[in-house]
Amino acid sequence: MNIFAVEYDYGSQTAGVRDDNRPAHRSWLQERADEGRVLSAGAFADGAGALLVIRAESEEAVSAMLQQDPFFQAGAIDGMKITAWKPVIGAFADGA
């Protein structure tokens with residue numbers, strides 16, 4: 001399994017959509033965390049987006065999973081960047 005850092009970008013025009021869908025979004029994320037697929041997730045302090053740390057086989061698998069996120073389905077995400085990540089120190093390090 002690989003680890004990916006996912007950045008969500010939020011615009012001010014979609015704030016209401018996020019507010020309306022936040023409970024479903026967080027529930028969905030928690031379910032993925034319980035499955036071991038979401039390692040961590042949270043909004044940036046300035047409200048401009050969020051960071052998700054995802055465990056998956058491939059970038060395509062991450063993308064397919066995130067298309068099921070209630071925020072994605074509601075159009076609450078203005079941009080998304082998926083980057084393969086190789087942590088070597090800390091909680092997500094794989095010991096490599």
# chains A, B, ... in the order shown; residues from 1 in each chain; ligands from 1
call {"tool": "residues_around", "arguments": {"residues": "Asp78 of chain A", "least_positions_apart": "6", "cutoff": "7 Å", "atoms": "only C-alpha atoms", "output": "VMD selection string"}}
result
chain A and resid 9 to 11
call {"tool": "write_last_selection", "arguments": {"atoms": "C-alpha atoms", "output": "PDB file, in the first residue's frame"}}
result
ATOM      1  CA  ASP A   9      -9.170  23.615  -2.182  1.00  0.00           C
ATOM      2  CA  TYR A  10     -12.275  25.431  -0.993  1.00  0.00           C
ATOM      3  CA  GLY A  11     -13.735  28.630  -2.396  1.00  0.00           C
TER       4      GLY A  11
END
call {"tool": "residues_around", "arguments": {"residues": "segment 22-26 of chain A", "least_positions_apart": "2", "cutoff": "8 Å", "atoms": "only C-alpha atoms", "output": "list in words"}}
result
Arg18, Asp19, Asp20, Trp28, Leu29, Gln30, Asp69, Pro70 and Phe71 of chain A
call {"tool": "residues_around", "arguments": {"residues": "Gly42 of chain A", "least_positions_apart": "5", "cutoff": "8 Å", "atoms": "only C-alpha atoms", "output": "list in words"}}
result
Ala50, Leu51 and Leu52 of chain A
call {"tool": "residues_around", "arguments": {"residues": "segment 59-67 of chain A", "least_positions_apart": "4", "cutoff": "12 Å", "atoms": "only C-alpha atoms", "output": "ChimeraX atom specification"}}
result
/A:1-8,25,28-29,31-32,37-38,52-55,71-77,80-85
call {"tool": "write_last_selection", "arguments": {"atoms": "N, CA, C and O atoms", "output": "compact mmCIF listing (two decimals), in the first residue's frame"}}
result
# COMPACT_ATOMS: atom_id res chain seq x y z
N MET A 1 0.84 -1.19 0.00
CA MET A 1 0.00 0.00 0.00
C MET A 1 0.88 1.25 0.00
O MET A 1 1.95 1.26 0.58
N ASN A 2 0.37 2.26 -0.61
CA ASN A 2 1.06 3.55 -0.71
C ASN A 2 0.30 4.58 0.10
O ASN A 2 -0.88 4.41 0.41
N ILE A 3 0.98 5.68 0.40
CA ILE A 3 0.36 6.78 1.12
C ILE A 3 0.31 7.99 0.18
O ILE A 3 1.27 8.26 -0.55
N PHE A 4 -0.81 8.68 0.22
CA PHE A 4 -1.03 9.85 -0.63
C PHE A 4 -1.47 11.02 0.24
O PHE A 4 -2.26 10.86 1.17
N ALA A 5 -0.95 12.20 -0.08
CA ALA A 5 -1.42 13.44 0.52
C ALA A 5 -2.41 14.05 -0.47
O ALA A 5 -2.09 14.20 -1.65
N VAL A 6 -3.58 14.35 0.01
CA VAL A 6 -4.62 14.94 -0.84
C VAL A 6 -4.95 16.32 -0.30
O VAL A 6 -5.26 16.47 0.88
N GLU A 7 -4.87 17.30 -1.16
CA GLU A 7 -5.24 18.67 -0.79
C GLU A 7 -6.56 19.01 -1.47
O GLU A 7 -6.69 18.89 -2.68
N TYR A 8 -7.52 19.41 -0.65
CA TYR A 8 -8.78 19.95 -1.16
C TYR A 8 -8.66 21.48 -1.11
O TYR A 8 -8.19 22.02 -0.12
N HIS A 25 -20.02 14.32 5.17
CA HIS A 25 -18.61 14.27 4.78
C HIS A 25 -17.77 13.67 5.91
O HIS A 25 -16.97 12.76 5.69
N TRP A 28 -18.52 9.97 6.38
CA TRP A 28 -17.89 9.22 5.30
C TRP A 28 -16.39 9.06 5.56
O TRP A 28 -15.83 7.97 5.42
N LEU A 29 -15.72 10.15 5.97
CA LEU A 29 -14.30 10.08 6.28
C LEU A 29 -14.03 9.13 7.44
O LEU A 29 -13.07 8.35 7.41
N GLU A 31 -15.76 6.54 8.35
CA GLU A 31 -15.91 5.16 7.85
C GLU A 31 -14.65 4.72 7.13
O GLU A 31 -14.18 3.59 7.30
N ARG A 32 -14.07 5.60 6.31
CA ARG A 32 -12.83 5.26 5.60
C ARG A 32 -11.67 5.11 6.59
O ARG A 32 -10.79 4.27 6.40
N ARG A 37 -8.20 3.29 5.53
CA ARG A 37 -7.88 3.97 4.27
C ARG A 37 -7.57 5.44 4.47
O ARG A 37 -6.71 6.00 3.79
N VAL A 38 -8.27 6.12 5.36
CA VAL A 38 -7.96 7.51 5.71
C VAL A 38 -7.16 7.47 6.99
O VAL A 38 -7.64 7.00 8.03
N LEU A 52 -5.91 15.52 3.48
CA LEU A 52 -6.27 14.15 3.80
C LEU A 52 -5.05 13.29 3.55
O LEU A 52 -4.36 13.46 2.54
N VAL A 53 -4.76 12.38 4.45
CA VAL A 53 -3.68 11.42 4.27
C VAL A 53 -4.34 10.07 4.06
O VAL A 53 -5.07 9.57 4.93
N ILE A 54 -4.11 9.50 2.87
CA ILE A 54 -4.85 8.33 2.41
C ILE A 54 -3.89 7.17 2.14
O ILE A 54 -2.83 7.37 1.56
N ARG A 55 -4.31 5.96 2.52
CA ARG A 55 -3.57 4.75 2.18
C ARG A 55 -4.35 4.05 1.07
O ARG A 55 -5.54 3.78 1.21
N PHE A 71 -18.72 15.70 -0.01
CA PHE A 71 -18.28 17.02 -0.46
C PHE A 71 -18.06 17.02 -1.97
O PHE A 71 -18.46 17.95 -2.65
N PHE A 72 -17.42 16.00 -2.49
CA PHE A 72 -17.16 15.90 -3.92
C PHE A 72 -18.48 15.82 -4.68
O PHE A 72 -18.70 16.54 -5.65
N GLN A 73 -19.37 14.97 -4.22
CA GLN A 73 -20.65 14.77 -4.91
C GLN A 73 -21.52 16.01 -4.89
O GLN A 73 -22.30 16.23 -5.81
N ALA A 74 -21.38 16.84 -3.85
CA ALA A 74 -22.19 18.06 -3.73
C ALA A 74 -21.54 19.26 -4.44
O ALA A 74 -22.14 20.34 -4.47
N GLY A 75 -20.34 19.09 -4.98
CA GLY A 75 -19.67 20.21 -5.64
C GLY A 75 -19.04 21.20 -4.67
O GLY A 75 -18.87 22.37 -5.00
N ALA A 76 -18.67 20.73 -3.47
CA ALA A 76 -18.13 21.60 -2.43
C ALA A 76 -16.62 21.77 -2.51
O ALA A 76 -16.05 22.57 -1.78
N ILE A 77 -15.97 21.03 -3.40
CA ILE A 77 -14.51 21.09 -3.54
C ILE A 77 -14.19 21.82 -4.84
O ILE A 77 -14.62 21.41 -5.91
N MET A 80 -8.54 19.89 -6.32
CA MET A 80 -8.00 18.76 -5.59
C MET A 80 -6.65 18.37 -6.19
O MET A 80 -6.49 18.33 -7.41
N LYS A 81 -5.69 18.09 -5.32
CA LYS A 81 -4.37 17.64 -5.75
C LYS A 81 -4.05 16.37 -4.99
O LYS A 81 -4.12 16.34 -3.75
N ILE A 82 -3.69 15.31 -5.70
CA ILE A 82 -3.32 14.04 -5.11
C ILE A 82 -1.83 13.83 -5.38
O ILE A 82 -1.39 13.88 -6.53
N THR A 83 -1.06 13.61 -4.31
CA THR A 83 0.38 13.45 -4.43
C THR A 83 0.83 12.21 -3.67
O THR A 83 0.51 12.07 -2.48
N ALA A 84 1.57 11.32 -4.34
CA ALA A 84 2.16 10.19 -3.64
C ALA A 84 3.15 10.74 -2.62
O ALA A 84 3.88 11.70 -2.90
N TRP A 85 3.17 10.14 -1.43
CA TRP A 85 3.98 10.66 -0.33
C TRP A 85 4.73 9.51 0.31
O TRP A 85 4.16 8.43 0.51
call {"tool": "select_by_dssp", "arguments": {"residues": "chain A", "states": "alpha helix (DSSP H)", "output": "PyMOL selection string"}}
result
chain A and resi 15-34+59-66+70-74
call {"tool": "select_by_dssp", "arguments": {"residues": "chain A", "states": "strand (DSSP E)", "output": "JSON, numbers by chain"}}
result
{"A": [2, 3, 4, 5, 6, 7, 8, 9, 38, 39, 40, 41, 42, 43, 49, 50, 51, 52, 53, 54, 55, 56, 79, 80, 81, 82, 83, 84, 85]}
call {"tool": "atom_distance", "arguments": {"atom1": "atom CA of Ala48 of chain A", "atom2": "atom CA of Ser12 of chain A"}}
result
8.2 Å
call {"tool": "decode", "arguments": {"residues": "segment 28-76 of chain A", "atoms": "C-alpha atoms", "output": "compact mmCIF listing (two decimals), in the first residue's frame"}}
result
# COMPACT_ATOMS: atom_id res chain seq x y z
CA TRP A 28 -17.89 9.22 5.30
CA LEU A 29 -14.30 10.08 6.28
CA GLN A 30 -14.68 8.31 9.62
CA GLU A 31 -15.91 5.16 7.85
CA ARG A 32 -12.83 5.26 5.60
CA ALA A 33 -10.63 5.80 8.69
CA ASP A 34 -12.24 2.78 10.36
CA GLU A 35 -11.32 0.78 7.23
CA GLY A 36 -7.70 1.99 7.49
CA ARG A 37 -7.88 3.97 4.27
CA VAL A 38 -7.96 7.51 5.71
CA LEU A 39 -5.04 7.94 8.08
CA SER A 40 -5.80 11.55 8.98
CA ALA A 41 -7.93 14.42 7.70
CA GLY A 42 -8.67 17.98 8.64
CA ALA A 43 -9.33 21.48 7.38
CA PHE A 44 -6.61 24.10 7.10
CA ALA A 45 -6.85 26.70 9.87
CA ASP A 46 -7.53 29.47 7.35
CA GLY A 47 -10.51 27.59 5.87
CA ALA A 48 -9.01 27.57 2.37
CA GLY A 49 -9.03 23.79 2.10
CA ALA A 50 -8.15 20.54 3.79
CA LEU A 51 -5.49 17.86 3.91
CA LEU A 52 -6.27 14.15 3.80
CA VAL A 53 -3.68 11.42 4.27
CA ILE A 54 -4.85 8.33 2.41
CA ARG A 55 -3.57 4.75 2.18
CA ALA A 56 -4.32 3.15 -1.20
CA GLU A 57 -2.87 1.00 -3.97
CA SER A 58 -2.70 3.80 -6.53
CA GLU A 59 -3.57 7.39 -7.34
CA GLU A 60 -6.46 6.07 -9.42
CA ALA A 61 -7.80 4.21 -6.37
CA VAL A 62 -7.57 7.41 -4.31
CA SER A 63 -9.40 9.38 -6.99
CA ALA A 64 -12.14 6.76 -7.28
CA MET A 65 -12.59 6.69 -3.50
CA LEU A 66 -12.75 10.48 -3.20
CA GLN A 67 -15.47 10.67 -5.85
CA GLN A 68 -17.71 9.05 -3.21
CA ASP A 69 -17.03 11.84 -0.68
CA PRO A 70 -20.25 13.77 -0.03
CA PHE A 71 -18.28 17.02 -0.46
CA PHE A 72 -17.16 15.90 -3.92
CA GLN A 73 -20.65 14.77 -4.91
CA ALA A 74 -22.19 18.06 -3.73
CA GLY A 75 -19.67 20.21 -5.64
CA ALA A 76 -18.13 21.60 -2.43
